[in-house]
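Colleague: Take a look at the following structure, please.
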Amino acid sequence: MTLKLHHLNASRSQRIVWLLEELGVEHEIIHHSRHPETRLAPPELLDIHPMGKSPLLDHDGVIIAETGAITEYLLAKFDPEHKLHPRTDSADYPRYLEWLHSAEGSVFLPGLFGFYLMNSDLLETPLAAAMMAERTKAANHVEAHLSKHAYFAGDSFTAADCLMGFQLMSTNAQGLLDDKPASKAWLEKVQARPAFQRMLAVGV
């Protein structure tokens, strides 16, 4: 069995590095670097997948793209005891599933749009204001949830926390968690996990 992760620096693929460390499964990291000026992914990723984006998982020659799909694949293959994802009959399962996909959906997208608007010098536009309003709404939603639950799926750490981690780290780096004590406390707690520290050692 060979398991390889194509990892791009300064990207959301760090979440899959973290998940692999949490799973404790043997794997190889293949590093790719952004172009220093454009900040785009290198063209060699196009040789692996038509979208040319990271993360890309190579499991015995089978290539899987998209963070959510990679996460579900890894859990189905390497988490038979459901340590990092609730069973479908668990009361935590719907909540887990929602946050797993929020990390690439409605909670994440306003920040992504904001990034593109900033790089295009369009922050003083109605669209930028609308995206900031959506981002504030998402941050309030996360804060309200973490005020009631220790982790995103409930009382236990799951893969949903790995996927939501990038979102909260980015928000915190911009000072947008300064008035979000539950979110800050969650971030400090998960960043102390050994697997998170091993992820940092790989390089973000």
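Going by the structure tokens order, chains are called A, B, ..., each with residues numbered from 1, while ligands are numbered from 1 in the order shown.
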Can you check which residues of range 13-203 of chain A DSSP gives as helix (DSSP H, G or I) on the backbone and send them as a ChimeraX atom specification?
Modeller: /A:14-23,43-47,67-78,93-102,109-119,126-146,159-173,181-191,194-202
Colleague: Give me the residues within 6 Å of range 50-56 of chain A as a compact mmCIF listing (two decimals) with N, CA and C atoms, in the first residue's frame, counting only C-alpha atoms and dropping any in the same chain fewer than 2 places off.
Modeller:
```
# COMPACT_ATOMS: atom_id res chain seq x y z
N LEU A 5 0.45 12.15 -0.46
CA LEU A 5 -0.32 13.39 -0.47
C LEU A 5 0.50 14.47 -1.16
N HIS A 6 -0.07 15.04 -2.21
CA HIS A 6 0.54 16.18 -2.87
C HIS A 6 0.11 17.43 -2.11
N HIS A 7 1.07 18.04 -1.42
CA HIS A 7 0.81 19.13 -0.49
C HIS A 7 1.40 20.43 -1.03
N LEU A 8 0.58 21.47 -1.08
CA LEU A 8 1.01 22.79 -1.54
C LEU A 8 1.22 23.69 -0.33
N SER A 13 -4.42 22.35 2.04
CA SER A 13 -4.02 20.94 2.08
C SER A 13 -3.36 20.58 3.40
N LEU A 45 1.22 20.23 -11.06
CA LEU A 45 0.02 19.61 -10.48
C LEU A 45 -1.00 19.28 -11.56
N LEU A 46 -0.95 20.00 -12.69
CA LEU A 46 -1.85 19.70 -13.80
C LEU A 46 -1.55 18.35 -14.43
N ILE A 64 -7.29 11.16 -5.99
CA ILE A 64 -8.52 11.73 -5.44
C ILE A 64 -8.28 13.21 -5.16
N ALA A 65 -9.15 14.06 -5.68
CA ALA A 65 -9.09 15.49 -5.45
C ALA A 65 -10.24 15.91 -4.53
```
Colleague: Within 12 Å of Thr136 in chain A, counting only C-alpha atoms, which residues show up once you throw out same-chain ones fewer than 2 positions away? Write them as a PyMOL selection string, please.
Modeller: chain A and resi 106-108+110-111+114+129-134+138-143+171+176-177+179-180
Colleague: Rounded to one decimal place, report the CA of Trp18 in chain A-CA of Asp60 in chain A distance in Å.
Modeller: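 These atoms are spaced 20.6 Å apart.
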Colleague: If you count only C-alpha atoms, which residues fall within 9 Å of Tyr96 in chain A, apart from same-chain ones fewer than 2 positions away, as a list of chain:residue names?
Modeller: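 These residues fall inside the cut-off: A:His85, A:Pro86, A:Asp92, A:Tyr93, A:Pro94, A:Glu98, A:Trp99, A:Leu100, A:His101, A:Phe152, A:Ala153, A:Gly154, A:Thr158, A:Ala159, A:Ala160.
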Colleague: Which of these, A:Leu168, A:Leu97, A:Ala103, A:Val202, has the shortest distance to Ala182 in chain A once you count only C-alpha atoms?
Modeller: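 Going through A:Leu168, A:Leu97, A:Ala103, A:Val202 one by one, the smallest distance to Ala182 in chain A is for A:Leu168.
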Colleague: Report as a count of residues only: the residues of range 11-116 of chain A with a DSSP assignment of strand (DSSP E), based on the backbone of this structure.
Modeller: 13
Colleague: For a quick check of understanding, using only C-alpha atoms, which of A:Glu104, A:Glu72, A:Glu21, A:Asp79 has the smallest distance to Phe166 in chain A?
Modeller: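 Answer, going by the shortest atom-to-atom distance: A:Glu104.
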Colleague: Rounded to one decimal in Å, what is the spacing between CA of Ala69 in chain A and CA of Ile16 in chain A?
Modeller: 10.8 Å
Colleague: Go through A:Ser156, A:Asp121, A:Ile30, A:Asp58 one by one, measure the shortest atom-to-atom distance of each to His82 in chain A using only C-alpha atoms, and give the residue with the smallest value.
Modeller: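 Nearest to His82 in chain A: A:Ser156.
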Colleague: Please provide the set of residues having any atom within 12 Å of Gln191 in chain A, restricted to only C-alpha atoms, with same-chain residues fewer than 5 positions apart removed, written as JSON, numbers by chain.
Modeller: {"A": [18, 161, 162, 165, 166, 168, 169, 184, 185, 186, 196, 197, 198, 199, 200]}
Colleague: Output the selection as a PDB file, in the first residue's frame - N, CA and C atoms for each residue.
Modeller:
```pdb
ATOM      1  N   TRP A  18      -2.745  17.187   8.591  1.00  0.00           N
ATOM      2  CA  TRP A  18      -3.171  17.057   9.988  1.00  0.00           C
ATOM      3  C   TRP A  18      -3.998  15.789  10.175  1.00  0.00           C
ATOM      4  N   ASP A 161     -13.083  18.945  12.907  1.00  0.00           N
ATOM      5  CA  ASP A 161     -12.203  19.934  13.528  1.00  0.00           C
ATOM      6  C   ASP A 161     -10.967  20.184  12.664  1.00  0.00           C
ATOM      7  N   CYS A 162     -10.436  19.127  12.064  1.00  0.00           N
ATOM      8  CA  CYS A 162      -9.292  19.306  11.161  1.00  0.00           C
ATOM      9  C   CYS A 162      -9.663  20.229  10.003  1.00  0.00           C
ATOM     10  N   GLY A 165     -10.229  23.843  11.006  1.00  0.00           N
ATOM     11  CA  GLY A 165      -9.058  24.480  11.595  1.00  0.00           C
ATOM     12  C   GLY A 165      -8.474  25.582  10.742  1.00  0.00           C
ATOM     13  N   PHE A 166      -8.345  25.348   9.440  1.00  0.00           N
ATOM     14  CA  PHE A 166      -7.755  26.353   8.560  1.00  0.00           C
ATOM     15  C   PHE A 166      -8.581  27.629   8.573  1.00  0.00           C
ATOM     16  N   LEU A 168     -10.515  28.833  10.989  1.00  0.00           N
ATOM     17  CA  LEU A 168     -10.354  29.598  12.215  1.00  0.00           C
ATOM     18  C   LEU A 168      -8.955  30.175  12.363  1.00  0.00           C
ATOM     19  N   MET A 169      -7.951  29.456  11.889  1.00  0.00           N
ATOM     20  CA  MET A 169      -6.589  30.003  11.940  1.00  0.00           C
ATOM     21  C   MET A 169      -6.476  31.242  11.058  1.00  0.00           C
ATOM     22  N   LYS A 184     -11.514  31.161  20.112  1.00  0.00           N
ATOM     23  CA  LYS A 184     -10.096  31.259  20.471  1.00  0.00           C
ATOM     24  C   LYS A 184      -9.689  30.085  21.360  1.00  0.00           C
ATOM     25  N   ALA A 185     -10.545  29.738  22.309  1.00  0.00           N
ATOM     26  CA  ALA A 185     -10.245  28.626  23.219  1.00  0.00           C
ATOM     27  C   ALA A 185     -10.169  27.313  22.453  1.00  0.00           C
ATOM     28  N   TRP A 186     -11.084  27.112  21.508  1.00  0.00           N
ATOM     29  CA  TRP A 186     -11.038  25.896  20.674  1.00  0.00           C
ATOM     30  C   TRP A 186      -9.731  25.842  19.898  1.00  0.00           C
ATOM     31  N   PHE A 196      -1.310  17.972  15.448  1.00  0.00           N
ATOM     32  CA  PHE A 196      -1.240  19.324  14.891  1.00  0.00           C
ATOM     33  C   PHE A 196       0.209  19.800  14.858  1.00  0.00           C
ATOM     34  N   GLN A 197       0.932  19.551  15.937  1.00  0.00           N
ATOM     35  CA  GLN A 197       2.332  19.948  15.995  1.00  0.00           C
ATOM     36  C   GLN A 197       3.161  19.214  14.940  1.00  0.00           C
ATOM     37  N   ARG A 198       2.836  17.947  14.692  1.00  0.00           N
ATOM     38  CA  ARG A 198       3.545  17.198  13.659  1.00  0.00           C
ATOM     39  C   ARG A 198       3.232  17.768  12.275  1.00  0.00           C
ATOM     40  N   MET A 199       2.000  18.226  12.104  1.00  0.00           N
ATOM     41  CA  MET A 199       1.631  18.873  10.852  1.00  0.00           C
ATOM     42  C   MET A 199       2.473  20.118  10.616  1.00  0.00           C
ATOM     43  N   LEU A 200       2.671  20.914  11.658  1.00  0.00           N
ATOM     44  CA  LEU A 200       3.484  22.115  11.536  1.00  0.00           C
ATOM     45  C   LEU A 200       4.921  21.763  11.154  1.00  0.00           C
TER      46      LEU A 200
END
```
Colleague: Considering only C-alpha atoms, can you say which of A:His27, A:Leu20, A:Asp89, A:Gly175 comes closest to Leu3 in chain A?
Modeller: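 Using only C-alpha atoms, Leu3 in chain A sits closest to A:His27.
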Colleague: Using only C-alpha atoms for the distances, tell me which of A:Leu75, A:Ala128, A:Lys148, A:Ala10 is nearest to Pro36 in chain A.
Modeller: A:Ala10
Colleague: Find the distance between CA of Glu22 in chain A and CA of Phe157 in chain A and write it in Å to one decimal.
Modeller: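 That distance, rounded to one decimal, is 10.2 Å.
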Colleague: Of the candidates A:Gly24, A:Glu66, A:Arg95, A:Ser170, which shows the shortest atom-to-atom distance to Phe78 in chain A, using only C-alpha atoms?
Modeller: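 Ranked by minimum distance to Phe78 in chain A, first place goes to A:Gly24.
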